[in-house]
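Below: one structure, written as structure tokens.
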Amino acid sequence: MRTVSLAEREQTLSQAADRIAAKKHPGRILLAVAAACVVTWGALSMWFNPALDHETIYKYLTAESIRAGVMNTIVLAVISMVLGTVGGFIVAVMRLSSNPVLRAIGFSYVALVRSIPLLVLILFTGNLALFWSRVDIVNPFNGDIWHSWDMNDLVTPFIASILALSFNEAAYMGEIIRSGLRSVDQGQREAATALGLGPWHTMRKVILPQAMRVILPPTGSQFVTMIKMTSLVSVIAGGDLLTASQNIAATNLRTLELLVIASAWYLLVTGIATVGQTLLERRLERGQRKVSV
Amino acid sequence: MSTHPDALLKVDSVHKFYGDHHVLRGVSLEVQEQTVSCLLGPSGSGKSTLLRCINHLETLDAGRITMGGETIAYEARDGLMHERPRRAVDRQRQDIGMVFQHFNLFPHFTVLENITLAPNLLKRHSKAKSRQLAESLLEKVGLADKRDAYPSSLSGGQKQRVAIARALAMEPRVMLFDEPTSALDPELVGEVLKVMKDLAAGGMTMIVVTHEMAFAREVADVVVVMDSGVILESGTPDGVFTDPEHERTRDFLRHVR
Ligand SMILES: Nc1ncnc2c1ncn2[C@@H]1O[C@H](COP(=O)(O)OP(=O)(O)O)[C@@H](O)[C@H]1O
Ligand SMILES: [Mg+2]
């Protein structure tokens with residue numbers, strides 16, 4: 001094998017006998033044109049639809065409450081993702097444990113959370129006060145109440161949103177992290193153990209760094225999904241972007257315009273997250289080539 | 001087998017089951033300090049299991065293994081052997097180096113980092129000292145120029161030599177080798193065996209599972225032959241190779257030669 005420049009390649013081929021004709025793909029061009037037409041037509045007919053008031057869109061696109069909603073959506077997504085990942089790690093370790101009780105707890109958690117729709121979970125955490133209206137810290141010896149909180153003060157809609165999103169995410173991240181940990185060869189753990197490293201060092205220095213290659217790419221798409229899922233918390237007025245735009249729509253009745261505004265922001269935020277994810281994956285791939293096998 | 005009072009490592013009537021599979025059937029073995037014991041035997045006879053029991057990668061079902069008079073991984077109490085706390089076992093493992101058939105180097109660390117990882121984490125020495133030690137070990141296994149390379153760029157023989165250096169970095173009292181050259185291309189076997197010979201000449205206590213009969217004959221002080229979970233016989237290489245007691249040993253030796 002020899003590496004050549006494009007010019008050299010042309011040079012060689014131009015002198016060769018029986019040159020192979022470039023393959024033609026007329027269908028592809030046709031398909032591309034058709035698709036572009038459909039998308040353009042759809043976008044234009046929406047944008048120039050008389051039902052859509054452009055003035056309203058310009059007016060509220062960067063309104064203060066919308067910007068606050070965008071911030072809240074990002075904060076919600078990041079905090080829930082972090083908590084969900086930590087929770088997911090715990091779930092994964094439980095599911096891989098040699099302790100059958102821990103395994104059963106981890107398994108049940110994942111099974112339970114995965115079978116309850118996130119929307120239902122959000123409605124639950126948003127209505128915790130219906131279960132327990134107050135949270136009391138009681139002196140266990142004489143029953144005196146040391147401190148008491150109103151559940152609605154303790155678990156605001158924002159906190160309730162974080163709770164539901166994190167609990168939900170922990171189940172999915174648990175599965176992702178578990179498959180990542182399992183992807184690391186058993187011999188790695190044995191080598192670390194044989195050196196006298198304890199379980200914590202073995203996990204942190206040997207297993208986890210190698211599992212990251214398997215864990216990170218799906219975690220990136222989980223995060224993009226998370227950004228979109230935060231919109232569900234608008235049902236409990238979680239203070240996110242969709243809540244903010246619906247609040248405005250409720251006063252000016254411009255439902256459509258505010259949905260367009262929300263979509264534009266979601267597109268921007270998830271777009272940035274997707275670019276970040278792609279860059280991360282590329283970097284991982286490059287690192288892999290350097291370190292592989 | 002004569003009982004020597006100052007054996008470094010004693011395996012005493014060890015039994016190991018995998019479910020209904022009796023893999024070690026009352027194995028007893030003594031290893032004197034600064035000797036090389038080669039463990040031979042057909043595949044599936046329990047050689048790896050025995051090594052893995054010595055550093056408690058596998059639990060025992062009966063019997064005990066002691067090093068320097070201290071029972072490894074267990075303590076006797078109320079007439080039973082109770083497993084020691086994980087931390088205590090990890091401490092004991094630090095004195096037992098192990099080299100695996102498939103190297104098991106850490107692919108995300110450089111050669112030097114592979115060697116210094118455990119000494120640094122376990123605070124065996126200062127960072128500077130363990131680095132110094134790692135470099136002198138690399139010198140010893142002939143890979144000083146590879147200290148910043150990643151394992152993926154090394155040949156099998158180089159990988160195994162790094163793995164040996166990694167185990168030595170914990171300054172163990174005994175080294176266990178489980179078929180260290182079985183995964184290597186034939187032309188790379190020699191360089192690994194040479195490192196092991198040097199190690200033996202330097203006085204390291206070693207237990208080596210191997211199919212390299214020439215190595216066993218040349219380097220071993222004791223040759224131990226295992227078959228289906230029991231030790232058939234043990235003795236000097238000369239004794240076992242030229243005049244084996246057992247028909248099974250004779251069979252086995254005929255097959256590997
Ligand atoms: N983790 C395990 N579970 C069940 N059986 C095992 C396990 N490890 C080894 N064995 C069985 O124990 C026997 C001894 O294996 P091993 O110690 O690896 O033999 P050797 O190293 O001498 O080839 C074999 O029959 C093998 O199939
Ligand atoms: Mg084996």
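FYI, nothing fancy with the structure tokens labels: chains A, B, ... in order, residues from 1 per chain, ligands from 1 as they appear.
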Task: chain B residues near chain A (7 Å cut-off, only C-alpha atoms) as a ChimeraX atom specification - done: /B:55,90-91,93-94,97-98,104,106-108,118,150,152,167
With ligand 2 as the partner and 8 Å as the cut-off, tabulate the residues of chain B that qualify, each row holding the nearest pair of atoms and their distance in Å to one decimal, using only C-alpha atoms and all ligand atoms, sorted by chain and rising number, as CSV.
```
residue,atom,partner,partner_atom_place_in_ligand_line,distance
B:Ser43,CA,ligand 2,1 (Mg),6.5
B:Gly44,CA,ligand 2,1 (Mg),6.8
B:Gly46,CA,ligand 2,1 (Mg),7.0
B:Lys47,CA,ligand 2,1 (Mg),5.7
B:Ser48,CA,ligand 2,1 (Mg),4.1
B:Thr49,CA,ligand 2,1 (Mg),7.2
B:Asp178,CA,ligand 2,1 (Mg),6.6
B:Glu179,CA,ligand 2,1 (Mg),6.9
B:Val209,CA,ligand 2,1 (Mg),7.8
```
- [ ] Calculate how many Å separate CA of Lys140 in chain B from CA of Met213 in chain B, rounding to one decimal.
- [x] 24.4 Å
Open item on the list: Show me, as an NGL selection string, the residues that have an atom within 9 Å of Ile54 in chain B when counting only C-alpha atoms, minus same-chain residues fewer than 5 positions from it.
Closed with: :B and (11 or 49 or 65-66 or 72-73 or 96 or 176)
For the selection just defined, write its residues with N, CA, C and O atoms to a file, as a PDB file, in the first residue's frame.
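result-v4.pdb, written as the output of this step:
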```pdb
ATOM      1  N   VAL B  11      -0.171 -24.068  50.990  1.00  0.00           N
ATOM      2  CA  VAL B  11      -1.542 -24.369  50.602  1.00  0.00           C
ATOM      3  C   VAL B  11      -1.891 -25.657  51.314  1.00  0.00           C
ATOM      4  O   VAL B  11      -1.171 -26.651  51.187  1.00  0.00           O
ATOM      5  N   THR B  49      -7.271 -22.075  38.764  1.00  0.00           N
ATOM      6  CA  THR B  49      -8.102 -21.932  39.955  1.00  0.00           C
ATOM      7  C   THR B  49      -7.240 -21.882  41.209  1.00  0.00           C
ATOM      8  O   THR B  49      -7.471 -21.057  42.104  1.00  0.00           O
ATOM      9  N   ILE B  65      -4.816 -21.213  53.052  1.00  0.00           N
ATOM     10  CA  ILE B  65      -3.578 -20.837  52.387  1.00  0.00           C
ATOM     11  C   ILE B  65      -2.907 -19.800  53.274  1.00  0.00           C
ATOM     12  O   ILE B  65      -3.541 -18.820  53.674  1.00  0.00           O
ATOM     13  N   THR B  66      -1.647 -20.048  53.631  1.00  0.00           N
ATOM     14  CA  THR B  66      -0.971 -19.087  54.490  1.00  0.00           C
ATOM     15  C   THR B  66       0.274 -18.560  53.798  1.00  0.00           C
ATOM     16  O   THR B  66       0.913 -19.254  53.013  1.00  0.00           O
ATOM     17  N   ILE B  72      -4.319 -16.336  54.385  1.00  0.00           N
ATOM     18  CA  ILE B  72      -4.750 -15.377  53.369  1.00  0.00           C
ATOM     19  C   ILE B  72      -6.267 -15.365  53.266  1.00  0.00           C
ATOM     20  O   ILE B  72      -6.898 -16.414  53.092  1.00  0.00           O
ATOM     21  N   ALA B  73      -6.824 -14.192  53.411  1.00  0.00           N
ATOM     22  CA  ALA B  73      -8.241 -13.913  53.167  1.00  0.00           C
ATOM     23  C   ALA B  73      -9.199 -14.494  54.207  1.00  0.00           C
ATOM     24  O   ALA B  73     -10.377 -14.160  54.207  1.00  0.00           O
ATOM     25  N   ILE B  96       1.215 -10.131  46.907  1.00  0.00           N
ATOM     26  CA  ILE B  96       1.158 -11.231  45.941  1.00  0.00           C
ATOM     27  C   ILE B  96       0.996 -10.641  44.547  1.00  0.00           C
ATOM     28  O   ILE B  96      -0.043 -10.064  44.235  1.00  0.00           O
ATOM     29  N   LEU B 176       2.850 -14.791  41.060  1.00  0.00           N
ATOM     30  CA  LEU B 176       2.096 -15.869  40.434  1.00  0.00           C
ATOM     31  C   LEU B 176       2.013 -15.598  38.933  1.00  0.00           C
ATOM     32  O   LEU B 176       1.678 -14.491  38.519  1.00  0.00           O
TER      33      LEU B 176
END
```
- [ ] Write out as a PyMOL selection string which residues come within 12 Å of range 117-125 of chain A when counting only C-alpha atoms, dropping same-chain ones fewer than 6 positions away.
- [x] chain A and resi 111+131-132+151-152+154-169+171-172+226+229-238
Task: Residues within 7 Å of Thr35 in chain B, only C-alpha atoms, excluding chain neighbours under 4 positions, as a ChimeraX atom specification - done: /B:205-206,221
TODO: List every residue of range 70-262 of chain A that DSSP, applied to the backbone, labels as alpha helix (DSSP H), and write the result as a VMD selection string.
DONE: chain A and resid 70 to 95 100 to 115 118 to 126 128 to 131 151 to 154 157 to 182 186 to 194 199 to 201 208 to 229 241 to 252 255 to 262
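Interatomic distance, CA of Glu285 in chain A against CA of Phe109 in chain B: 16.8 Å.
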Open item on the list: If we count only C-alpha atoms and set the cut-off at 7 Å, which residues sit around Gly26 in chain B, ignoring sequence neighbours fewer than 5 positions away in its own chain? Please answer as a PyMOL selection string.
Closed with: chain B and resi 13-15+230
Open item on the list: Please extract the residues of range 158-253 of chain B with a backbone DSSP assignment of strand (DSSP E or B) and present them as JSON, numbers by chain.
Closed with: {"B": [174, 175, 176, 177, 178, 205, 206, 207, 208, 209, 222, 223, 224, 225, 226, 227, 230, 231, 232, 233, 234, 235]}
Go ahead and save the picked residues with N, CA, C and O atoms, as a compact mmCIF listing (two decimals), in the first residue's frame.
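Output contents, as saved in part-v3.txt:
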```
# COMPACT_ATOMS: atom_id res chain seq x y z
N VAL B 174 5.74 -12.72 46.64
CA VAL B 174 5.64 -13.89 45.76
C VAL B 174 4.97 -13.45 44.47
O VAL B 174 4.14 -12.54 44.48
N MET B 175 5.38 -14.07 43.36
CA MET B 175 4.78 -13.73 42.07
C MET B 175 4.08 -14.97 41.51
O MET B 175 4.67 -16.05 41.46
N LEU B 176 2.85 -14.79 41.06
CA LEU B 176 2.10 -15.87 40.43
C LEU B 176 2.01 -15.60 38.93
O LEU B 176 1.68 -14.49 38.52
N PHE B 177 2.34 -16.58 38.13
CA PHE B 177 2.25 -16.44 36.67
C PHE B 177 1.28 -17.48 36.13
O PHE B 177 1.50 -18.68 36.31
N ASP B 178 0.22 -17.05 35.45
CA ASP B 178 -0.73 -18.00 34.88
C ASP B 178 -0.55 -18.07 33.37
O ASP B 178 -1.06 -17.23 32.64
N THR B 205 10.43 -15.29 44.75
CA THR B 205 9.65 -16.50 44.93
C THR B 205 8.55 -16.52 43.88
O THR B 205 7.80 -15.55 43.76
N MET B 206 8.50 -17.61 43.09
CA MET B 206 7.58 -17.61 41.96
C MET B 206 6.81 -18.93 41.86
O MET B 206 7.37 -20.00 42.09
N ILE B 207 5.54 -18.81 41.50
CA ILE B 207 4.76 -19.99 41.12
C ILE B 207 4.32 -19.75 39.68
O ILE B 207 3.66 -18.76 39.39
N VAL B 208 4.72 -20.66 38.80
CA VAL B 208 4.52 -20.43 37.36
C VAL B 208 3.71 -21.58 36.77
O VAL B 208 4.17 -22.73 36.77
N VAL B 209 2.51 -21.27 36.29
CA VAL B 209 1.77 -22.24 35.49
C VAL B 209 2.27 -22.10 34.06
O VAL B 209 2.24 -21.00 33.50
N VAL B 222 11.15 -26.67 41.94
CA VAL B 222 10.17 -27.73 42.17
C VAL B 222 9.21 -27.77 41.00
O VAL B 222 8.78 -26.72 40.52
N VAL B 223 8.91 -28.94 40.53
CA VAL B 223 7.89 -29.11 39.51
C VAL B 223 6.70 -29.82 40.14
O VAL B 223 6.87 -30.83 40.83
N VAL B 224 5.51 -29.23 39.96
CA VAL B 224 4.31 -29.79 40.55
C VAL B 224 3.38 -30.19 39.42
O VAL B 224 3.10 -29.38 38.53
N VAL B 225 2.93 -31.43 39.42
CA VAL B 225 2.03 -31.88 38.35
C VAL B 225 0.63 -32.03 38.90
O VAL B 225 0.41 -32.75 39.88
N MET B 226 -0.32 -31.32 38.28
CA MET B 226 -1.73 -31.40 38.71
C MET B 226 -2.53 -32.15 37.68
O MET B 226 -2.27 -32.08 36.49
N ASP B 227 -3.55 -32.87 38.18
CA ASP B 227 -4.47 -33.51 37.26
C ASP B 227 -5.83 -33.62 37.93
O ASP B 227 -5.92 -34.02 39.08
N VAL B 230 -6.20 -32.58 41.70
CA VAL B 230 -5.28 -33.06 42.74
C VAL B 230 -3.84 -32.90 42.24
O VAL B 230 -3.59 -32.82 41.04
N ILE B 231 -2.92 -32.86 43.22
CA ILE B 231 -1.52 -32.84 42.83
C ILE B 231 -1.05 -34.27 42.69
O ILE B 231 -1.06 -35.05 43.64
N LEU B 232 -0.68 -34.65 41.46
CA LEU B 232 -0.24 -36.01 41.20
C LEU B 232 1.10 -36.27 41.86
O LEU B 232 1.30 -37.27 42.54
N GLU B 233 2.03 -35.36 41.61
CA GLU B 233 3.34 -35.52 42.20
C GLU B 233 4.10 -34.21 42.10
O GLU B 233 3.74 -33.32 41.34
N SER B 234 5.13 -34.11 42.94
CA SER B 234 5.98 -32.94 42.84
C SER B 234 7.40 -33.33 43.22
O SER B 234 7.61 -34.30 43.94
N GLY B 235 8.34 -32.59 42.69
CA GLY B 235 9.73 -32.92 42.97
C GLY B 235 10.64 -32.05 42.14
O GLY B 235 10.19 -31.09 41.52
```
Task: Atom-to-atom span, CA of Asp243 in chain B and CA of Arg217 in chain B, Å - done: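 Going from CA of Asp243 in chain B over to CA of Arg217 in chain B covers 13.2 Å.
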- [ ] Determine the nearest neighbour of Tyr266 in chain A from the options A:Gly88, A:Lys24, A:Ile227, A:Asn142, counting only C-alpha atoms.
- [x]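 Under the stated criterion, the closest residue is A:Ile227.
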Open item on the list: Applying 12 Å and only C-alpha atoms, which residues near Gln132 in chain B remain after dropping the ones on its own chain fewer than 3 positions away? List them as a list in words.
Closed with: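 Answer for this query is Leu112, Ile115, Thr116, Pro119, Asn120, His125, Ser126, Lys127, Ala128, Lys129, Glu135, Ser136, Leu137, Leu138, Glu139, Ala144, Arg147 and Ala169 of chain B.
Closest approach to ligand 1 from the set B:Val27, B:Val111, B:Val192, B:Leu40 is made by B:Leu40, with distances taken over only C-alpha atoms and all ligand atoms.
Using only C-alpha atoms and all ligand atoms, the shortest contact distance between ligand 1 and any of B:Glu187, B:Asp20, B:Asp198, B:Glu113 is found at B:Asp20.
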Task: Pick from B:Arg124, B:Lys159, B:Arg250, B:Lys16 nearest to ligand 1, counting only C-alpha atoms and all ligand atoms - done: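 With only C-alpha atoms and all ligand atoms as the atom set, the closest residue is B:Lys16.
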